[in-house]
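Visitor: Input structure: upload.cif, which contains mmCIF, C-alpha atoms.
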data_entry
#
loop_
_atom_site.group_PDB
_atom_site.id
_atom_site.type_symbol
_atom_site.label_atom_id
_atom_site.label_comp_id
_atom_site.auth_asym_id
_atom_site.auth_seq_id
_atom_site.Cartn_x
_atom_site.Cartn_y
_atom_site.Cartn_z
ATOM 1 C CA MET A 20 -8.239 32.146 19.991
ATOM 2 C CA ALA A 21 -4.815 30.433 19.986
ATOM 3 C CA THR A 22 -1.744 32.244 21.220
ATOM 4 C CA ASP A 23 1.562 32.047 19.334
ATOM 5 C CA ASP A 24 2.777 29.447 21.851
ATOM 6 C CA GLU A 25 -0.269 27.285 21.174
ATOM 7 C CA ALA A 26 0.015 27.746 17.411
ATOM 8 C CA HIS A 27 3.632 26.569 17.299
ATOM 9 C CA PRO A 28 5.180 24.068 19.730
ATOM 10 C CA GLY A 29 8.655 25.679 19.787
ATOM 11 C CA HIS A 30 10.308 23.170 17.485
ATOM 12 C CA TYR A 31 10.175 22.021 13.875
ATOM 13 C CA LEU A 32 9.786 18.276 14.305
ATOM 14 C CA ARG A 33 6.751 18.031 12.013
ATOM 15 C CA GLU A 34 8.410 20.149 9.344
ATOM 16 C CA TRP A 35 11.525 17.946 9.408
ATOM 17 C CA ARG A 36 9.432 14.802 9.120
ATOM 18 C CA LYS A 37 7.575 16.204 6.148
ATOM 19 C CA ALA A 38 10.815 17.466 4.566
ATOM 20 C CA SER A 39 12.126 13.907 4.926
ATOM 21 C CA GLY A 40 9.090 12.648 3.010
ATOM 22 C CA LEU A 41 7.877 10.433 5.849
ATOM 23 C CA THR A 42 4.391 9.796 7.157
ATOM 24 C CA LEU A 43 3.818 9.630 10.909
ATOM 25 C CA GLU A 44 3.666 5.839 10.656
ATOM 26 C CA GLN A 45 6.925 5.592 8.704
ATOM 27 C CA ALA A 46 8.742 7.973 11.044
ATOM 28 C CA ALA A 47 7.509 6.147 14.172
ATOM 29 C CA ASP A 48 8.667 2.833 12.703
ATOM 30 C CA ARG A 49 12.108 4.232 11.867
ATOM 31 C CA ILE A 50 12.446 5.754 15.332
ATOM 32 C CA GLU A 51 11.711 2.374 16.908
ATOM 33 C CA ARG A 52 14.207 0.597 14.630
ATOM 34 C CA ALA A 53 16.898 3.231 15.268
ATOM 35 C CA SER A 54 16.261 2.929 19.003
ATOM 36 C CA GLU A 55 16.637 -0.847 18.904
ATOM 37 C CA ALA A 56 19.834 -0.559 16.842
ATOM 38 C CA ARG A 57 21.343 1.786 19.456
ATOM 39 C CA LEU A 58 21.046 -0.804 22.192
ATOM 40 C CA ASP A 59 23.787 -3.078 20.824
ATOM 41 C CA GLY A 60 23.874 -5.263 23.916
ATOM 42 C CA ALA A 61 23.390 -2.532 26.519
ATOM 43 C CA SER A 62 21.136 -4.252 29.038
ATOM 44 C CA SER A 63 20.467 -1.119 31.120
ATOM 45 C CA VAL A 64 18.995 0.815 28.173
ATOM 46 C CA ARG A 65 15.472 0.217 26.935
ATOM 47 C CA PRO A 66 14.341 0.882 23.371
ATOM 48 C CA ILE A 67 11.888 3.676 22.738
ATOM 49 C CA GLY A 68 8.415 2.483 21.850
ATOM 50 C CA MET A 69 6.922 4.948 19.382
ATOM 51 C CA THR A 70 3.509 5.040 17.755
ATOM 52 C CA HIS A 71 2.337 7.452 15.120
ATOM 53 C CA ALA A 72 -0.179 8.849 17.622
ATOM 54 C CA THR A 73 2.556 9.556 20.182
ATOM 55 C CA LEU A 74 4.758 11.166 17.549
ATOM 56 C CA SER A 75 1.837 13.331 16.445
ATOM 57 C CA ARG A 76 1.308 14.518 20.028
ATOM 58 C CA ILE A 77 5.004 15.343 20.351
ATOM 59 C CA GLU A 78 4.965 17.239 17.056
ATOM 60 C CA ARG A 79 1.944 19.259 18.218
ATOM 61 C CA GLY A 80 3.598 20.085 21.544
ATOM 62 C CA LYS A 81 1.083 18.025 23.539
ATOM 63 C CA LEU A 82 3.789 15.668 24.828
ATOM 64 C CA PRO A 83 7.395 16.581 25.652
ATOM 65 C CA TYR A 84 10.416 15.268 23.789
ATOM 66 C CA ASN A 85 13.716 14.322 25.408
ATOM 67 C CA GLN A 86 17.374 14.228 24.414
ATOM 68 C CA VAL A 87 17.292 10.581 23.328
ATOM 69 C CA LEU A 88 14.306 11.193 21.060
ATOM 70 C CA LEU A 89 15.981 14.255 19.533
ATOM 71 C CA GLU A 90 19.061 12.161 18.771
ATOM 72 C CA LEU A 91 16.936 9.478 17.133
ATOM 73 C CA LEU A 92 14.914 12.017 15.156
ATOM 74 C CA ALA A 93 18.086 13.726 13.954
ATOM 75 C CA GLN A 94 19.342 10.355 12.749
ATOM 76 C CA VAL A 95 16.050 9.446 11.050
ATOM 77 C CA TYR A 96 15.611 12.892 9.440
ATOM 78 C CA ARG A 97 19.330 13.194 8.580
ATOM 79 C CA THR A 98 19.977 16.467 10.323
ATOM 80 C CA ASP A 99 21.335 17.627 13.665
ATOM 81 C CA ARG A 100 19.493 17.997 16.958
ATOM 82 C CA ALA A 101 19.719 21.782 17.027
ATOM 83 C CA SER A 102 18.123 22.101 13.592
ATOM 84 C CA LEU A 103 15.113 20.114 14.776
ATOM 85 C CA ILE A 104 14.452 22.843 17.313
ATOM 86 C CA MET A 105 15.716 25.997 15.618
ATOM 87 C CA ARG A 106 15.412 25.618 11.838
ATOM 88 C CA ASP A 107 12.339 25.295 9.653
ATOM 89 C CA PRO A 108 13.417 23.236 6.621
ATOM 90 C CA SER A 109 10.296 24.333 4.730
ATOM 91 C CA ASP A 110 11.298 28.025 4.813
ATOM 92 C CA PRO A 111 12.825 28.759 1.378
ATOM 93 C CA GLU A 112 14.143 32.102 2.643
ATOM 94 C CA GLY A 113 15.776 30.638 5.739
ATOM 95 C CA LEU A 114 19.509 31.260 5.965
ATOM 96 C CA TRP A 115 20.416 27.578 6.388
ATOM 97 C CA THR A 116 18.135 26.548 3.524
ATOM 98 C CA ILE A 117 19.987 28.955 1.250
ATOM 99 C CA TRP A 118 23.374 27.913 2.690
ATOM 100 C CA GLU A 119 22.751 24.245 1.957
ATOM 101 C CA GLN A 120 22.083 25.056 -1.692
ATOM 102 C CA LEU A 121 25.413 26.850 -2.157
ATOM 103 C CA LYS A 122 28.479 25.196 -3.647
ATOM 104 C CA PRO A 123 31.661 25.272 -1.519
ATOM 105 C CA ARG A 124 33.111 28.240 -3.436
ATOM 106 C CA GLU A 125 29.847 30.166 -3.076
ATOM 107 C CA ARG A 126 29.847 29.448 0.659
ATOM 108 C CA ALA A 127 33.309 30.994 0.971
ATOM 109 C CA GLN A 128 32.062 34.072 -0.882
ATOM 110 C CA ALA A 129 28.987 34.269 1.342
ATOM 111 C CA VAL A 130 31.164 34.178 4.462
ATOM 112 C CA GLU A 131 33.274 37.045 3.095
ATOM 113 C CA VAL A 132 30.124 39.087 2.352
ATOM 114 C CA MET A 133 28.849 38.497 5.894
ATOM 115 C CA LYS A 134 32.226 39.514 7.349
ATOM 116 C CA ALA A 135 32.131 42.708 5.286
ATOM 117 C CA LEU A 136 28.604 43.449 6.508
ATOM 118 C CA HIS A 137 29.708 42.906 10.079
ATOM 119 C CA ARG A 138 32.729 45.204 9.671
ATOM 120 C CA THR A 139 30.516 47.879 8.079
ATOM 121 C CA ARG A 140 28.043 47.646 10.946
ATOM 122 C CA ALA A 141 30.840 47.916 13.506
ATOM 123 C CA VAL A 142 32.108 51.125 11.889
ATOM 124 C CA ALA A 143 28.700 52.789 11.550
#
Would you write out, as structure tokens, the structure that this file holds?

Guide:
Amino acid sequence: MATDDEAHPGHYLREWRKASGLTLEQAADRIERASEARLDGASSVRPIGMTHATLSRIERGKLPYNQVLLELLAQVYRTDRASLIMRDPSDPEGLWTIWEQLKPRERAQAVEVMKALHRTRAVA
């Protein structure tokens, strides 16, 4: 029987890839190309070699990720590094999923509602 830690690797890398509409092969290829583009003449930095099998292992929590890979994944998936770890883009009820769907005026209203909730909680 799998524990919660085994069932979920502690990040949402697979969910972000799928939300981006990429296969493992496509994502691995884009990671390699983004890595090569980052070099820009820096001789002390090596590009990341990425295969779909390696990416799959990372997504499943079988291999660790590092800061450089998170930066590349954020670029490829068009999000930020923190979201890759903390936010499930496939959760329709997730706060950030809802936030991203709001227009600027609705976001301002949402902030005011949250402030009011916070003030109410502080008084109670």

Visitor: List as a tab-separated table every residue of stretch 47-82 of chain A that is in contact with stretch 26-32 of chain A, defined as an atom at most 7 Å from one of its atoms (using only C-alpha atoms), together with the nearest atom pair and the distance in Å rounded to one decimal, sorted by chain and then rising number.

Guide:
residue	atom	partner	partner_atom	distance
A:Glu78	CA	A:Leu32	CA	5.6
A:Arg79	CA	A:Pro28	CA	6.0
A:Gly80	CA	A:Pro28	CA	4.7

Visitor: Okay, now the selection with C-alpha atoms, as a CSV table (one decimal), keeping the file's coordinate frame?

Guide:
chain,number,residue,atom,x,y,z
A,78,GLU,CA,5.0,17.2,17.1
A,79,ARG,CA,1.9,19.3,18.2
A,80,GLY,CA,3.6,20.1,21.5

Visitor: So what do you get for atom CA of A:Leu43 versus atom CA of A:His71, distance-wise?

Guide: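 Pair atom CA of A:Leu43 / atom CA of A:His71 returns 5.0 Å.
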
Visitor: Please report the interatomic distance between atom CA of A:Arg76 and atom CA of A:Trp115 in Å with one decimal.

Guide: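 Answer for the atom CA of A:Arg76 to atom CA of A:Trp115 separation: 26.9 Å.
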
Visitor: Quick one: everything within 12 Å of A:Ala101, counting only C-alpha atoms, minus sequence neighbours fewer than 3 positions away in the same chain. Send it as a PyMOL selection string.

Guide: chain A and resi 30-32+35+86+89-90+92-93+98+104-107

Visitor: How far is it from atom CA of A:Glu51 to atom CA of A:Asn85, in Å with one decimal?

Guide: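 Atom-to-atom, atom CA of A:Glu51 and atom CA of A:Asn85 are spaced 14.8 Å apart.
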
Visitor: Counting only C-alpha atoms, which of A:Ile67, A:Leu136, A:Leu88, A:Leu74 gets nearest to A:Arg36?

Guide: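 Of A:Ile67, A:Leu136, A:Leu88, A:Leu74, the one nearest A:Arg36, counting only C-alpha atoms, is A:Leu74.
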
Visitor: Can you tell me, as a ChimeraX atom specification, what residues are no more than 9 Å from A:Ser54 when counting only C-alpha atoms, ignoring any on the same chain fewer than 3 positions away?

Guide: /A:49-51,57-58,65-68,87-88,91

Visitor: Would you mind putting N, CA and C atoms back on stretch 28-39 of chain A and writing the result as an mmCIF file, keeping the file's coordinate frame?

Guide:
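That gives us out_30.cif:
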data_model
loop_
_atom_site.group_PDB
_atom_site.id
_atom_site.type_symbol
_atom_site.label_atom_id
_atom_site.label_comp_id
_atom_site.auth_asym_id
_atom_site.auth_seq_id
_atom_site.Cartn_x
_atom_site.Cartn_y
_atom_site.Cartn_z
ATOM 1 N N PRO A 28 4.676 24.723 18.518
ATOM 2 C CA PRO A 28 5.180 24.068 19.730
ATOM 3 C C PRO A 28 6.609 24.447 20.138
ATOM 4 N N GLY A 29 7.296 25.301 19.400
ATOM 5 C CA GLY A 29 8.655 25.679 19.787
ATOM 6 C C GLY A 29 9.727 24.789 19.190
ATOM 7 N N HIS A 30 9.350 24.012 18.205
ATOM 8 C CA HIS A 30 10.308 23.170 17.485
ATOM 9 C C HIS A 30 9.766 22.925 16.082
ATOM 10 N N TYR A 31 10.563 22.268 15.272
ATOM 11 C CA TYR A 31 10.175 22.021 13.875
ATOM 12 C C TYR A 31 10.173 20.525 13.551
ATOM 13 N N LEU A 32 9.762 19.718 14.506
ATOM 14 C CA LEU A 32 9.786 18.276 14.305
ATOM 15 C C LEU A 32 8.873 17.842 13.162
ATOM 16 N N ARG A 33 7.683 18.387 13.090
ATOM 17 C CA ARG A 33 6.751 18.031 12.013
ATOM 18 C C ARG A 33 7.318 18.462 10.655
ATOM 19 N N GLU A 34 7.862 19.652 10.606
ATOM 20 C CA GLU A 34 8.410 20.149 9.344
ATOM 21 C C GLU A 34 9.565 19.273 8.861
ATOM 22 N N TRP A 35 10.410 18.816 9.788
ATOM 23 C CA TRP A 35 11.525 17.946 9.408
ATOM 24 C C TRP A 35 11.032 16.587 8.926
ATOM 25 N N ARG A 36 9.985 16.074 9.581
ATOM 26 C CA ARG A 36 9.432 14.802 9.120
ATOM 27 C C ARG A 36 8.897 14.940 7.703
ATOM 28 N N LYS A 37 8.141 15.995 7.483
ATOM 29 C CA LYS A 37 7.575 16.204 6.148
ATOM 30 C C LYS A 37 8.669 16.455 5.111
ATOM 31 N N ALA A 38 9.700 17.210 5.492
ATOM 32 C CA ALA A 38 10.815 17.466 4.566
ATOM 33 C C ALA A 38 11.552 16.168 4.237
ATOM 34 N N SER A 39 11.494 15.215 5.153
ATOM 35 C CA SER A 39 12.126 13.907 4.926
ATOM 36 C C SER A 39 11.234 12.988 4.097
#
